[in-house]
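This is structure.csv (CSV, C-alpha atoms).
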chain,number,residue,atom,x,y,z
A,1,MET,CA,-14.3,240.9,163.2
A,2,PRO,CA,-11.9,239.0,165.6
A,3,ASP,CA,-12.5,241.2,168.6
A,4,ALA,CA,-16.2,241.8,168.4
A,5,ASP,CA,-18.0,241.6,171.8
A,6,TYR,CA,-20.7,238.9,171.9
A,7,ARG,CA,-21.5,239.1,175.6
A,8,ILE,CA,-24.9,240.6,174.8
A,9,TYR,CA,-25.8,237.1,173.5
A,10,ALA,CA,-24.7,235.7,176.9
A,11,LEU,CA,-27.0,238.2,178.6
A,12,ALA,CA,-29.9,237.2,176.4
A,13,GLY,CA,-29.1,233.5,177.2
A,14,MET,CA,-29.4,234.3,180.9
A,15,ALA,CA,-32.7,236.1,180.3
A,16,LEU,CA,-34.0,233.0,178.6
A,17,PHE,CA,-32.9,230.9,181.5
A,18,ALA,CA,-34.6,233.1,184.0
A,19,ILE,CA,-37.8,233.3,181.9
A,20,GLY,CA,-37.8,229.5,181.7
A,21,PHE,CA,-37.2,229.2,185.4
A,22,TYR,CA,-40.0,231.5,186.2
A,23,SER,CA,-42.5,229.8,183.8
A,24,MET,CA,-41.5,226.4,185.0
A,25,LEU,CA,-42.6,227.3,188.5
A,26,VAL,CA,-45.6,229.4,187.7
A,27,GLN,CA,-47.2,227.4,184.9
A,28,ALA,CA,-49.2,224.3,185.7
A,29,HIS,CA,-49.7,223.1,182.1
A,30,LEU,CA,-47.3,220.2,181.5
A,31,LEU,CA,-46.6,221.2,177.9
A,32,ARG,CA,-45.6,224.7,179.0
A,33,ARG,CA,-43.3,223.2,181.6
A,34,ILE,CA,-41.6,221.0,179.0
A,35,MET,CA,-41.2,224.0,176.7
A,36,ALA,CA,-39.8,226.0,179.7
A,37,LEU,CA,-37.2,223.3,180.1
A,38,ASN,CA,-36.3,223.7,176.5
A,39,VAL,CA,-36.1,227.5,176.8
A,40,MET,CA,-33.8,227.1,179.8
A,41,GLY,CA,-31.6,224.8,177.8
A,42,SER,CA,-31.4,227.2,174.9
A,43,GLY,CA,-30.4,229.9,177.4
A,44,VAL,CA,-27.5,227.8,178.6
A,45,PHE,CA,-26.5,227.0,175.0
A,46,LEU,CA,-26.5,230.8,174.2
A,47,VAL,CA,-24.3,231.6,177.1
A,48,TYR,CA,-21.9,228.8,176.3
A,49,ILE,CA,-21.5,229.7,172.6
A,50,ALA,CA,-21.3,233.4,173.3
A,51,LEU,CA,-18.5,232.8,175.7
A,52,GLY,CA,-16.8,230.5,173.1
A,53,ALA,CA,-17.1,233.3,170.6
A,54,GLN,CA,-15.1,235.6,172.9
A,55,THR,CA,-11.9,233.6,172.5
A,56,PRO,CA,-9.1,235.2,170.5
A,57,GLY,CA,-8.1,233.5,167.3
A,58,PRO,CA,-9.1,233.0,163.7
A,59,ILE,CA,-12.2,230.9,164.6
A,60,PRO,CA,-14.4,230.7,167.7
A,61,ASP,CA,-13.7,227.9,170.2
A,62,PRO,CA,-15.0,224.7,168.6
A,63,VAL,CA,-15.4,222.8,171.9
A,64,PRO,CA,-18.6,224.6,173.0
A,65,HIS,CA,-19.9,224.2,169.5
A,66,ALA,CA,-19.5,220.4,169.7
A,67,MET,CA,-21.0,220.2,173.2
A,68,VAL,CA,-24.0,222.4,172.3
A,69,LEU,CA,-24.6,220.3,169.2
A,70,THR,CA,-24.7,217.2,171.4
A,71,GLY,CA,-26.9,219.1,173.8
A,72,ILE,CA,-29.5,220.0,171.2
A,73,VAL,CA,-29.9,216.4,170.1
A,74,VAL,CA,-30.1,215.2,173.7
A,75,SER,CA,-32.7,217.8,174.6
A,76,VAL,CA,-35.0,216.8,171.8
A,77,CYS,CA,-34.7,213.2,173.0
A,78,ALA,CA,-35.5,214.3,176.6
A,79,THR,CA,-38.5,216.3,175.2
A,80,GLY,CA,-39.7,213.2,173.4
A,81,LEU,CA,-39.4,211.1,176.6
A,82,ALA,CA,-41.1,213.8,178.7
A,83,LEU,CA,-44.0,214.0,176.3
A,84,ALA,CA,-44.4,210.2,176.4
A,85,LEU,CA,-44.4,210.3,180.2
A,86,VAL,CA,-47.0,213.1,180.2
A,87,ASP,CA,-49.2,211.1,177.9
A,88,ARG,CA,-48.9,208.0,180.1
A,89,ALA,CA,-49.6,210.0,183.2
A,90,GLN,CA,-52.7,211.6,181.7
A,91,ALA,CA,-54.0,208.3,180.4
A,92,ALA,CA,-53.7,206.8,183.8
A,93,ALA,CA,-55.4,209.8,185.4
A,94,SER,CA,-58.4,209.7,182.9
A,95,GLU,CA,-58.8,206.0,183.7
A,96,VAL,CA,-59.0,206.7,187.4
A,97,GLU,CA,-61.2,209.8,187.2
A,98,PRO,CA,-64.6,208.3,186.6
A,99,GLY,CA,-64.2,206.1,189.7
A,100,ASP,CA,-63.2,209.2,191.7
A,101,ASP,CA,-66.3,211.1,190.6
A,102,ALA,CA,-68.7,208.2,191.5
B,1,MET,CA,-51.8,233.3,191.3
B,2,THR,CA,-50.6,235.1,194.5
B,3,SER,CA,-47.4,233.1,194.5
B,4,ARG,CA,-46.3,234.7,191.2
B,5,MET,CA,-44.7,237.7,192.8
B,6,PRO,CA,-42.1,236.0,195.0
B,7,ILE,CA,-41.2,233.6,192.1
B,8,GLY,CA,-40.8,236.6,189.8
B,9,VAL,CA,-38.5,238.2,192.3
B,10,LEU,CA,-36.6,235.0,192.7
B,11,SER,CA,-36.2,234.7,189.0
B,12,LEU,CA,-34.9,238.3,188.7
B,13,ALA,CA,-32.4,237.6,191.5
B,14,LEU,CA,-31.3,234.5,189.6
B,15,LEU,CA,-30.8,236.6,186.5
B,16,ALA,CA,-28.8,239.2,188.4
B,17,ALA,CA,-26.6,236.6,190.0
B,18,LEU,CA,-26.0,234.8,186.7
B,19,GLY,CA,-25.3,238.1,184.9
B,20,TRP,CA,-22.8,239.1,187.6
B,21,ALA,CA,-21.1,235.7,187.4
B,22,VAL,CA,-20.8,235.7,183.6
B,23,LEU,CA,-19.8,239.4,183.3
B,24,SER,CA,-17.0,238.9,185.9
B,25,LEU,CA,-15.4,236.2,183.7
B,26,PRO,CA,-12.4,237.3,181.7
B,27,LEU,CA,-13.4,239.3,178.6
B,28,ARG,CA,-11.1,237.2,176.4
B,29,PRO,CA,-10.8,233.7,177.8
B,30,ALA,CA,-7.9,231.7,176.3
B,31,GLY,CA,-10.3,228.9,175.2
B,32,LEU,CA,-9.3,225.7,173.4
B,33,THR,CA,-9.2,227.2,169.9
B,34,ALA,CA,-5.4,227.1,169.6
B,35,ALA,CA,-5.1,223.6,171.0
B,36,SER,CA,-7.9,222.3,168.6
B,37,LEU,CA,-6.3,223.9,165.6
B,38,ALA,CA,-2.8,222.7,166.5
B,39,LYS,CA,-3.9,219.0,166.4
B,40,LEU,CA,-6.3,219.4,163.5
B,41,PRO,CA,-3.9,218.0,160.8
B,42,GLU,CA,-3.6,214.8,162.9
B,43,SER,CA,-7.4,214.4,163.5
B,44,GLY,CA,-8.3,213.2,160.0
B,45,VAL,CA,-10.8,215.9,159.3
B,46,THR,CA,-10.5,219.6,158.6
B,47,ASN,CA,-13.7,220.8,160.4
B,48,PRO,CA,-12.6,221.6,163.9
B,49,VAL,CA,-16.1,220.9,165.3
B,50,THR,CA,-16.2,217.4,163.8
B,51,ALA,CA,-12.6,216.9,165.1
B,52,VAL,CA,-13.8,217.7,168.7
B,53,LEU,CA,-17.0,215.6,168.3
B,54,LEU,CA,-15.4,212.4,167.0
B,55,ASN,CA,-11.7,212.6,167.7
B,56,TYR,CA,-10.7,214.7,170.7
B,57,ARG,CA,-13.9,214.1,172.7
B,58,GLY,CA,-15.2,211.0,170.9
B,59,TYR,CA,-16.3,209.4,174.2
B,60,ASP,CA,-18.8,212.2,174.7
B,61,THR,CA,-20.4,211.4,171.4
B,62,LEU,CA,-20.4,207.7,172.2
B,63,LEU,CA,-22.2,208.3,175.4
B,64,GLU,CA,-24.6,210.6,173.6
B,65,ILE,CA,-25.6,208.0,171.1
B,66,GLY,CA,-26.2,205.8,174.1
B,67,VAL,CA,-28.5,208.4,175.6
B,68,LEU,CA,-30.5,208.6,172.3
B,69,LEU,CA,-30.9,204.8,172.4
B,70,LEU,CA,-32.0,204.9,176.1
B,71,ALA,CA,-34.6,207.6,175.3
B,72,ILE,CA,-36.2,205.6,172.5
B,73,VAL,CA,-36.2,202.5,174.6
B,74,ALA,CA,-37.9,204.3,177.4
B,75,VAL,CA,-40.5,205.8,175.0
B,76,TRP,CA,-41.2,202.4,173.5
B,77,SER,CA,-41.7,200.9,176.9
B,78,LEU,CA,-44.0,203.6,178.0
B,79,ARG,CA,-46.6,203.5,175.3
B,80,ARG,CA,-47.7,202.3,171.9
B,81,GLY,CA,-47.2,204.7,169.0
B,82,GLU,CA,-50.0,206.1,166.9
B,83,TRP,CA,-50.3,207.6,163.5
B,84,PRO,CA,-51.0,211.3,163.2
B,85,ALA,CA,-54.7,211.8,163.6
B,86,SER,CA,-55.4,214.3,160.9
B,87,HIS,CA,-55.9,212.8,157.5
B,88,LEU,CA,-53.1,214.8,156.0
B,89,HIS,CA,-52.7,212.2,153.2
B,90,ASP,CA,-56.1,213.2,151.8
B,91,ARG,CA,-54.8,216.7,151.1
B,92,PRO,CA,-54.1,217.2,147.4
B,93,LEU,CA,-50.9,219.2,147.8
B,94,LEU,CA,-49.1,217.0,150.3
B,95,MET,CA,-48.2,214.0,148.1
B,96,PRO,CA,-46.7,216.1,145.2
B,97,LEU,CA,-44.8,218.1,147.8
B,98,LEU,CA,-43.5,215.0,149.5
B,99,ARG,CA,-42.5,213.5,146.2
B,100,VAL,CA,-40.2,216.5,145.7
B,101,VAL,CA,-39.1,217.1,149.3
B,102,LEU,CA,-38.3,213.6,150.5
B,103,PRO,CA,-35.5,212.8,147.9
B,104,VAL,CA,-34.0,216.3,148.5
B,105,LEU,CA,-34.0,215.7,152.3
B,106,LEU,CA,-32.3,212.3,151.9
B,107,LEU,CA,-29.8,213.7,149.5
B,108,ALA,CA,-29.1,216.7,151.8
B,109,ALA,CA,-28.7,214.3,154.8
B,110,GLY,CA,-26.0,212.3,152.9
B,111,TYR,CA,-24.4,215.5,151.7
B,112,LEU,CA,-24.2,216.9,155.3
B,113,LEU,CA,-22.7,213.6,156.5
B,114,TRP,CA,-20.0,213.8,153.9
B,115,ILE,CA,-19.3,217.5,154.1
B,116,GLY,CA,-19.0,217.3,157.9
B,117,ALA,CA,-15.3,216.4,157.5
B,118,PHE,CA,-14.5,219.7,155.9
B,119,ALA,CA,-17.2,222.2,156.6
B,120,PRO,CA,-20.3,222.7,158.8
B,121,GLY,CA,-22.3,219.5,158.8
B,122,GLY,CA,-22.0,215.9,160.1
B,123,ALA,CA,-24.0,213.0,161.5
B,124,PHE,CA,-26.1,215.2,163.8
B,125,GLN,CA,-27.3,217.6,161.2
B,126,GLY,CA,-27.7,214.9,158.6
B,127,GLY,CA,-29.5,212.7,161.2
B,128,ALA,CA,-31.8,215.6,162.0
B,129,LEU,CA,-32.8,215.9,158.3
B,130,LEU,CA,-33.3,212.1,158.1
B,131,GLY,CA,-35.5,212.3,161.2
B,132,GLY,CA,-37.5,215.2,159.6
B,133,ALA,CA,-37.9,213.1,156.4
B,134,ILE,CA,-39.3,210.2,158.6
B,135,VAL,CA,-41.7,212.6,160.3
B,136,LEU,CA,-42.9,213.7,156.8
B,137,VAL,CA,-43.4,210.1,155.7
B,138,MET,CA,-45.5,209.5,158.8
B,139,LEU,CA,-47.5,212.7,158.3
B,140,GLY,CA,-48.2,211.5,154.7
B,141,GLY,CA,-49.4,208.1,156.0
B,142,LEU,CA,-46.7,206.5,153.8
B,143,ALA,CA,-44.8,203.3,154.4
B,144,ARG,CA,-47.1,202.1,157.1
B,145,ARG,CA,-45.9,198.6,156.6
B,146,ALA,CA,-42.3,199.6,157.3
B,147,LEU,CA,-43.2,199.9,161.0
B,148,ALA,CA,-44.1,196.2,161.1
B,149,PHE,CA,-40.5,195.3,160.6
B,150,GLU,CA,-39.7,196.0,164.2
B,151,ARG,CA,-36.6,193.9,164.2
B,152,LEU,CA,-35.2,196.0,161.4
B,153,LEU,CA,-36.0,199.2,163.2
B,154,ARG,CA,-34.4,197.9,166.3
B,155,ALA,CA,-31.3,197.0,164.3
B,156,GLY,CA,-31.2,200.5,162.9
B,157,LEU,CA,-31.6,202.1,166.3
B,158,VAL,CA,-28.7,200.2,167.9
B,159,LEU,CA,-26.5,200.4,164.8
B,160,GLY,CA,-24.8,203.6,166.0
B,161,VAL,CA,-23.9,202.3,169.4
B,162,ILE,CA,-22.7,199.0,168.1
B,163,VAL,CA,-20.5,200.4,165.3
B,164,PHE,CA,-19.1,203.0,167.7
B,165,ALA,CA,-18.3,200.4,170.3
B,166,ALA,CA,-16.8,198.2,167.7
B,167,VAL,CA,-14.6,201.0,166.5
B,168,CYS,CA,-13.6,201.6,170.1
B,169,ALA,CA,-12.6,198.0,170.6
B,170,VAL,CA,-10.7,197.7,167.3
B,171,THR,CA,-8.7,201.0,167.7
B,172,MET,CA,-8.0,200.0,171.3
B,173,LEU,CA,-6.4,196.8,170.0
B,174,LEU,CA,-4.4,198.7,167.4
B,175,THR,CA,-3.2,201.6,169.5
B,176,GLY,CA,-4.0,200.8,173.1
B,177,GLY,CA,-5.9,204.0,173.8
B,178,LEU,CA,-9.7,204.5,173.9
B,179,LEU,CA,-10.8,206.0,170.6
B,180,GLN,CA,-7.2,206.7,169.7
B,181,PHE,CA,-7.0,206.2,166.0
B,182,PRO,CA,-3.9,204.8,164.3
B,183,ALA,CA,-1.9,207.7,162.7
B,184,GLY,CA,-3.3,208.8,159.4
B,185,THR,CA,-6.5,206.8,159.5
B,186,GLY,CA,-8.7,209.1,161.6
B,187,GLY,CA,-10.8,210.3,158.7
B,188,THR,CA,-11.8,206.7,157.7
B,189,TRP,CA,-12.8,205.7,161.3
B,190,ILE,CA,-14.7,209.0,161.7
B,191,MET,CA,-16.6,208.4,158.5
B,192,VAL,CA,-17.5,204.8,159.6
B,193,ILE,CA,-18.8,206.0,163.0
B,194,GLU,CA,-20.7,208.9,161.5
B,195,SER,CA,-22.4,206.8,158.8
B,196,ALA,CA,-23.7,204.4,161.4
B,197,ALA,CA,-24.6,207.3,163.8
B,198,LEU,CA,-26.5,209.1,161.0
B,199,VAL,CA,-28.9,206.1,160.6
B,200,SER,CA,-29.5,205.7,164.3
B,201,ILE,CA,-29.9,209.4,165.0
B,202,GLY,CA,-32.3,209.8,162.1
B,203,LEU,CA,-34.4,206.7,163.1
B,204,THR,CA,-34.4,207.7,166.7
B,205,LEU,CA,-35.6,211.3,166.0
B,206,GLY,CA,-38.2,210.1,163.5
B,207,LEU,CA,-39.6,207.3,165.8
B,208,LEU,CA,-39.7,209.7,168.7
B,209,TYR,CA,-42.4,211.5,166.7
B,210,PHE,CA,-44.3,208.3,166.4
B,211,GLY,CA,-44.3,208.4,170.2
B,212,GLY,CA,-44.1,204.8,171.1
B,213,ARG,CA,-43.6,201.2,170.2
B,214,PRO,CA,-45.0,200.3,166.7
B,215,ASN,CA,-48.2,198.3,167.1
B,216,ALA,CA,-47.8,195.2,164.9
B,217,HIS,CA,-51.5,194.5,164.8
B,218,HIS,CA,-52.5,197.9,163.4
B,219,ALA,CA,-49.6,198.2,160.9
C,1,MET,CA,-23.0,249.6,164.0
C,2,ILE,CA,-25.7,248.1,161.8
C,3,LEU,CA,-24.7,244.7,163.1
C,4,GLN,CA,-25.0,245.9,166.7
C,5,ILE,CA,-28.5,247.1,166.0
C,6,PHE,CA,-29.3,243.8,164.3
C,7,ASP,CA,-28.0,241.9,167.3
C,8,GLY,CA,-30.0,244.0,169.7
C,9,LEU,CA,-33.3,243.6,167.7
C,10,LEU,CA,-32.7,239.9,167.2
C,11,LEU,CA,-32.1,239.3,170.9
C,12,LEU,CA,-35.1,241.5,171.9
C,13,VAL,CA,-37.3,239.4,169.6
C,14,ILE,CA,-35.8,236.2,171.0
C,15,VAL,CA,-36.5,237.2,174.6
C,16,VAL,CA,-40.1,238.4,173.8
C,17,LEU,CA,-40.8,235.2,171.9
C,18,ALA,CA,-39.4,233.1,174.8
C,19,TRP,CA,-41.8,234.9,177.1
C,20,ARG,CA,-44.7,234.5,174.8
C,21,SER,CA,-44.0,230.8,174.1
C,22,LEU,CA,-44.2,230.1,177.9
C,23,ASN,CA,-46.8,232.6,179.1
C,24,ASP,CA,-49.3,233.1,176.2
C,25,ARG,CA,-52.8,232.3,177.4
C,26,ASP,CA,-53.5,230.2,174.3
C,27,VAL,CA,-51.3,227.1,174.4
C,28,PHE,CA,-51.5,226.6,170.6
C,29,ARG,CA,-50.2,230.2,170.1
C,30,ALA,CA,-47.5,229.5,172.7
C,31,VAL,CA,-46.3,226.5,170.8
C,32,ILE,CA,-46.1,228.5,167.5
C,33,SER,CA,-44.0,231.1,169.3
C,34,PHE,CA,-41.8,228.4,170.6
C,35,ILE,CA,-41.2,227.1,167.0
C,36,ALA,CA,-40.4,230.7,165.8
C,37,LEU,CA,-38.1,231.1,168.8
C,38,GLY,CA,-36.1,228.0,167.6
C,39,LEU,CA,-35.7,229.5,164.1
C,40,LEU,CA,-34.5,232.8,165.5
C,41,ILE,CA,-32.0,231.1,167.8
C,42,ALA,CA,-30.6,229.4,164.7
C,43,VAL,CA,-30.0,232.9,163.3
C,44,ALA,CA,-28.2,233.8,166.6
C,45,TRP,CA,-25.9,230.8,166.1
C,46,VAL,CA,-25.0,232.2,162.6
C,47,ARG,CA,-24.2,235.5,164.2
C,48,LEU,CA,-22.0,233.8,166.8
C,49,ARG,CA,-20.1,232.1,163.9
C,50,ALA,CA,-21.4,228.6,164.9
C,51,PRO,CA,-22.8,227.3,161.6
C,52,ASP,CA,-22.6,223.7,162.7
C,53,VAL,CA,-24.9,224.5,165.6
C,54,ALA,CA,-27.2,226.6,163.4
C,55,LEU,CA,-27.8,223.7,161.1
C,56,ALA,CA,-28.7,221.4,163.9
C,57,GLU,CA,-30.9,224.0,165.7
C,58,ALA,CA,-32.9,224.8,162.5
C,59,ALA,CA,-33.7,221.1,161.9
C,60,VAL,CA,-34.0,219.9,165.5
C,61,GLY,CA,-34.7,222.8,167.8
C,62,SER,CA,-37.6,224.3,165.9
C,63,GLY,CA,-38.6,221.5,163.4
C,64,LEU,CA,-38.6,218.3,165.3
C,65,THR,CA,-39.2,219.6,168.8
C,66,GLY,CA,-42.0,221.7,167.4
C,67,ALA,CA,-43.6,218.8,165.7
C,68,LEU,CA,-43.3,216.6,168.9
C,69,ILE,CA,-44.9,219.3,171.0
C,70,LEU,CA,-47.7,220.1,168.5
C,71,SER,CA,-48.7,216.4,168.1
C,72,ALA,CA,-48.6,216.0,171.9
C,73,LEU,CA,-50.9,219.1,172.2
C,74,VAL,CA,-53.4,217.6,169.6
C,75,ARG,CA,-53.3,214.3,171.6
C,76,MET,CA,-54.0,216.1,174.8
C,77,ARG,CA,-56.9,218.1,173.4
C,78,ARG,CA,-58.4,214.9,171.9
C,79,ARG,CA,-58.2,213.2,175.3
C,80,GLU,CA,-59.8,216.2,177.1
C,81,ARG,CA,-62.6,216.3,174.6
C,82,ALA,CA,-63.2,212.5,175.0
C,83,ALA,CA,-63.2,212.9,178.7
C,84,THR,CA,-65.8,215.7,178.8
C,85,ALA,CA,-67.9,213.9,176.2
C,86,THR,CA,-68.2,210.7,178.3
C,87,ARG,CA,-68.8,212.7,181.5
C,88,GLY,CA,-71.6,214.6,179.7
C,89,GLU,CA,-73.3,211.5,178.4
C,90,ALA,CA,-73.2,209.3,181.4
C,91,PRO,CA,-73.0,211.2,184.7
C,92,THR,CA,-72.8,208.7,187.5
Mind turning the file's structure into structure tokens?
Amino acid sequence: MPDADYRIYALAGMALFAIGFYSMLVQAHLLRRIMALNVMGSGVFLVYIALGAQTPGPIPDPVPHAMVLTGIVVSVCATGLALALVDRAQAAASEVEPGDDA
Amino acid sequence: MTSRMPIGVLSLALLAALGWAVLSLPLRPAGLTAASLAKLPESGVTNPVTAVLLNYRGYDTLLEIGVLLLAIVAVWSLRRGEWPASHLHDRPLLMPLLRVVLPVLLLAAGYLLWIGAFAPGGAFQGGALLGGAIVLVMLGGLARRALAFERLLRAGLVLGVIVFAAVCAVTMLLTGGLLQFPAGTGGTWIMVIESAALVSIGLTLGLLYFGGRPNAHHA
Amino acid sequence: MILQIFDGLLLLVIVVLAWRSLNDRDVFRAVISFIALGLLIAVAWVRLRAPDVALAEAAVGSGLTGALILSALVRMRRRERAATATRGEAPT
């Protein structure tokens, strides 16, 4: 189906971005915030690929595919780094806490 | 809790603005499909996505491999890694499963690397499978001693960047352009880069799960 | 027509799962929703004729990211438990 309309996927992508944005601001739990960042990223990817699928031609635009592929791998690395930072921050906080209580 | 309402309104406004922006774009953008297909015979591969990743926009991928290396360096400098706490290796079904799954994962990673030139696949997908295999190895508590060879791990982690940079330098000497492959040899260069990238991507993703620098004393 | 219905249902479930993975009261259940969300987004890539991306998403987006977050959650809970235990034993 060369001229199917995929913009509904772009709309869902924007919904994901908005949900991630809302949760990022509302939730205090750091894991939820990291997941929110990932959901926002997935939303951006959805919009990008959906717009790439709108191009005329035998195949969808391969450039967004390549960039999203890169983006997925980078976002898992960012998640790994963020989780390590969270762990370090909480380790530091739990070392300080007993002194604060006393 | 009282601040949820304005944030919700703000998010809905953001959604509306984004929706308006995207829906006001042309319904059928020209895109780069035609341009990528026109140069495909010269790229050395027949999968247009691989052509974009490693030929047309190779520098993007070079920088990305660099980002992966930076991420694992940052994680290693933040904390020491630890083995998964649950004693999964005591479970009776895990080992027989791993015995079947691990070879299949490694085979699939190699297959994806090779097929990436012609069909969906490539170093990223293969590397992801390799990373998954490493996570399973860790969950099973296998190959604990492998983490003691930190130098070897480091070599594997930087392999992708080094080979990619070397290919950049060599092809630059040959053609004068950054990542501009000599005519007719694109496929070979791409396979060299992707093979090295597969190792680094797989190791990076797997070691991210370990969550820090291997502790030589506990290995 | 059937494909349109499929698209609509898929995206509805994706949006609901995205909400639940970020706002479910139970963090563990939220993480599981998050992993399921990654798998369904991989299906969306297939529908958008992006099989390269689908392969990467299925392995990375749900598998590895999910494993990373789950193990971080376990680590966090262990630390919380340790903190409450020491506080309970030796209040200063």
* Residues near Val86 (chain A), cut-off 12 Å, only C-alpha atoms, skip fewer than 3 positions along chain, as a PyMOL selection string -> (chain A and resi 29-34+79-83+89-93) or (chain B and resi 75+78-79+211) or (chain C and resi 69+72-73+75-76)
* To do: Just the residues within 12 Å of Arg77 (chain C), please, counting all atoms listed in the file, with nothing from its chain fewer than 5 positions along; format it as a list of chain:residue names.
  => A:Leu31, A:Asp87, A:Gln90, B:Ala85, C:Val27, C:Phe28, C:Leu70, C:Ser71, C:Ala72, C:Ala82, C:Ala83, C:Thr84
* Taking only C-alpha atoms into account, what are the residues of chain A at most 9 Å from chain C, put as a PyMOL selection string? -> chain A and resi 6+8-9+12-13+15-16+19-20+23-24+27+29+31-36+38-39+42+46+49-50+52-53+59-60+62+65-66+68-69+72-73+75-77+79-80+83-84+86-87+90-91+94+98+101-102
* Using all atoms listed in the file, which chain B residues lie at most 6 Å away from chain C, written as a PyMOL selection string? -> chain B and resi 120-121+125+128+209
* Can you list, as a PyMOL selection string, every protein, DNA or RNA residue that comes within 9 Å of Thr55 (chain A) when you count only C-alpha atoms, leaving out same-chain residues fewer than 6 positions away? -> (chain A and resi 2-3+61) or (chain B and resi 27-33)
Store the residues picked out above, limited to C-alpha atoms, as a short mmCIF file (atom, residue, chain, number, x, y, z; two decimals), in the coordinates of the input.
data_model
loop_
_atom_site.label_atom_id
_atom_site.label_comp_id
_atom_site.auth_asym_id
_atom_site.auth_seq_id
_atom_site.Cartn_x
_atom_site.Cartn_y
_atom_site.Cartn_z
CA PRO A 2 -11.90 239.00 165.60
CA ASP A 3 -12.50 241.20 168.60
CA ASP A 61 -13.70 227.90 170.20
CA LEU B 27 -13.40 239.30 178.60
CA ARG B 28 -11.10 237.20 176.40
CA PRO B 29 -10.80 233.70 177.80
CA ALA B 30 -7.90 231.70 176.30
CA GLY B 31 -10.30 228.90 175.20
CA LEU B 32 -9.30 225.70 173.40
CA THR B 33 -9.20 227.20 169.90
#
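Computed from the coordinates, the CA of Ala119 (chain B) to CA of Met172 (chain B) distance equals 28.2 Å.
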Closest pair table for chain B residues within 8 Å of chain A, only C-alpha atoms, as a Markdown table:
| residue | atom | partner | partner_atom | distance |
| --- | --- | --- | --- | --- |
| B:Ser3 | CA | A:Val26 | CA | 7.9 |
| B:Arg4 | CA | A:Val26 | CA | 6.4 |
| B:Ile7 | CA | A:Tyr22 | CA | 6.4 |
| B:Gly8 | CA | A:Tyr22 | CA | 6.3 |
| B:Ser11 | CA | A:Ala18 | CA | 5.5 |
| B:Leu12 | CA | A:Ala18 | CA | 7.0 |
| B:Leu14 | CA | A:Ala18 | CA | 6.6 |
| B:Leu15 | CA | A:Ala18 | CA | 5.7 |
| B:Leu18 | CA | A:Met14 | CA | 6.7 |
| B:Gly19 | CA | A:Leu11 | CA | 6.5 |
| B:Val22 | CA | A:Ala10 | CA | 7.8 |
| B:Leu23 | CA | A:Arg7 | CA | 7.9 |
| B:Leu27 | CA | A:Gln54 | CA | 7.0 |
| B:Arg28 | CA | A:Thr55 | CA | 5.4 |
| B:Pro29 | CA | A:Thr55 | CA | 5.4 |
| B:Ala30 | CA | A:Thr55 | CA | 5.8 |
| B:Gly31 | CA | A:Thr55 | CA | 5.7 |
| B:Leu32 | CA | A:Asp61 | CA | 5.9 |
| B:Thr33 | CA | A:Asp61 | CA | 4.6 |
| B:Ala34 | CA | A:Gly57 | CA | 7.3 |
| B:Ser36 | CA | A:Pro62 | CA | 7.5 |
| B:Pro48 | CA | A:Pro62 | CA | 6.1 |
| B:Val49 | CA | A:Pro62 | CA | 5.2 |
| B:Thr50 | CA | A:Ala66 | CA | 7.4 |
| B:Val52 | CA | A:Val63 | CA | 6.2 |
| B:Leu53 | CA | A:Ala66 | CA | 5.6 |
| B:Thr61 | CA | A:Thr70 | CA | 7.2 |
| B:Glu64 | CA | A:Thr70 | CA | 7.0 |
| B:Val67 | CA | A:Val74 | CA | 7.2 |
| B:Leu68 | CA | A:Cys77 | CA | 6.3 |
| B:Ala71 | CA | A:Cys77 | CA | 6.1 |
| B:Ile72 | CA | A:Leu81 | CA | 7.6 |
| B:Ala74 | CA | A:Leu81 | CA | 7.0 |
| B:Val75 | CA | A:Leu81 | CA | 5.6 |
| B:Leu78 | CA | A:Ala84 | CA | 6.8 |
| B:Arg79 | CA | A:Arg88 | CA | 7.0 |
| B:Phe124 | CA | A:Val73 | CA | 7.5 |
| B:Leu205 | CA | A:Cys77 | CA | 7.3 |
| B:Leu208 | CA | A:Gly80 | CA | 5.9 |
| B:Tyr209 | CA | A:Gly80 | CA | 7.4 |
| B:Gly211 | CA | A:Ala84 | CA | 6.5 |
| B:Gly212 | CA | A:Ala84 | CA | 7.6 |
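Put simply, CA of Leu97 (chain B) is 28.6 Å away from CA of Ala196 (chain B).
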* **Interatomic distance (Å, one decimal) between CA of Glu194 (chain B) and CA of Thr171 (chain B)** => 15.6 Å
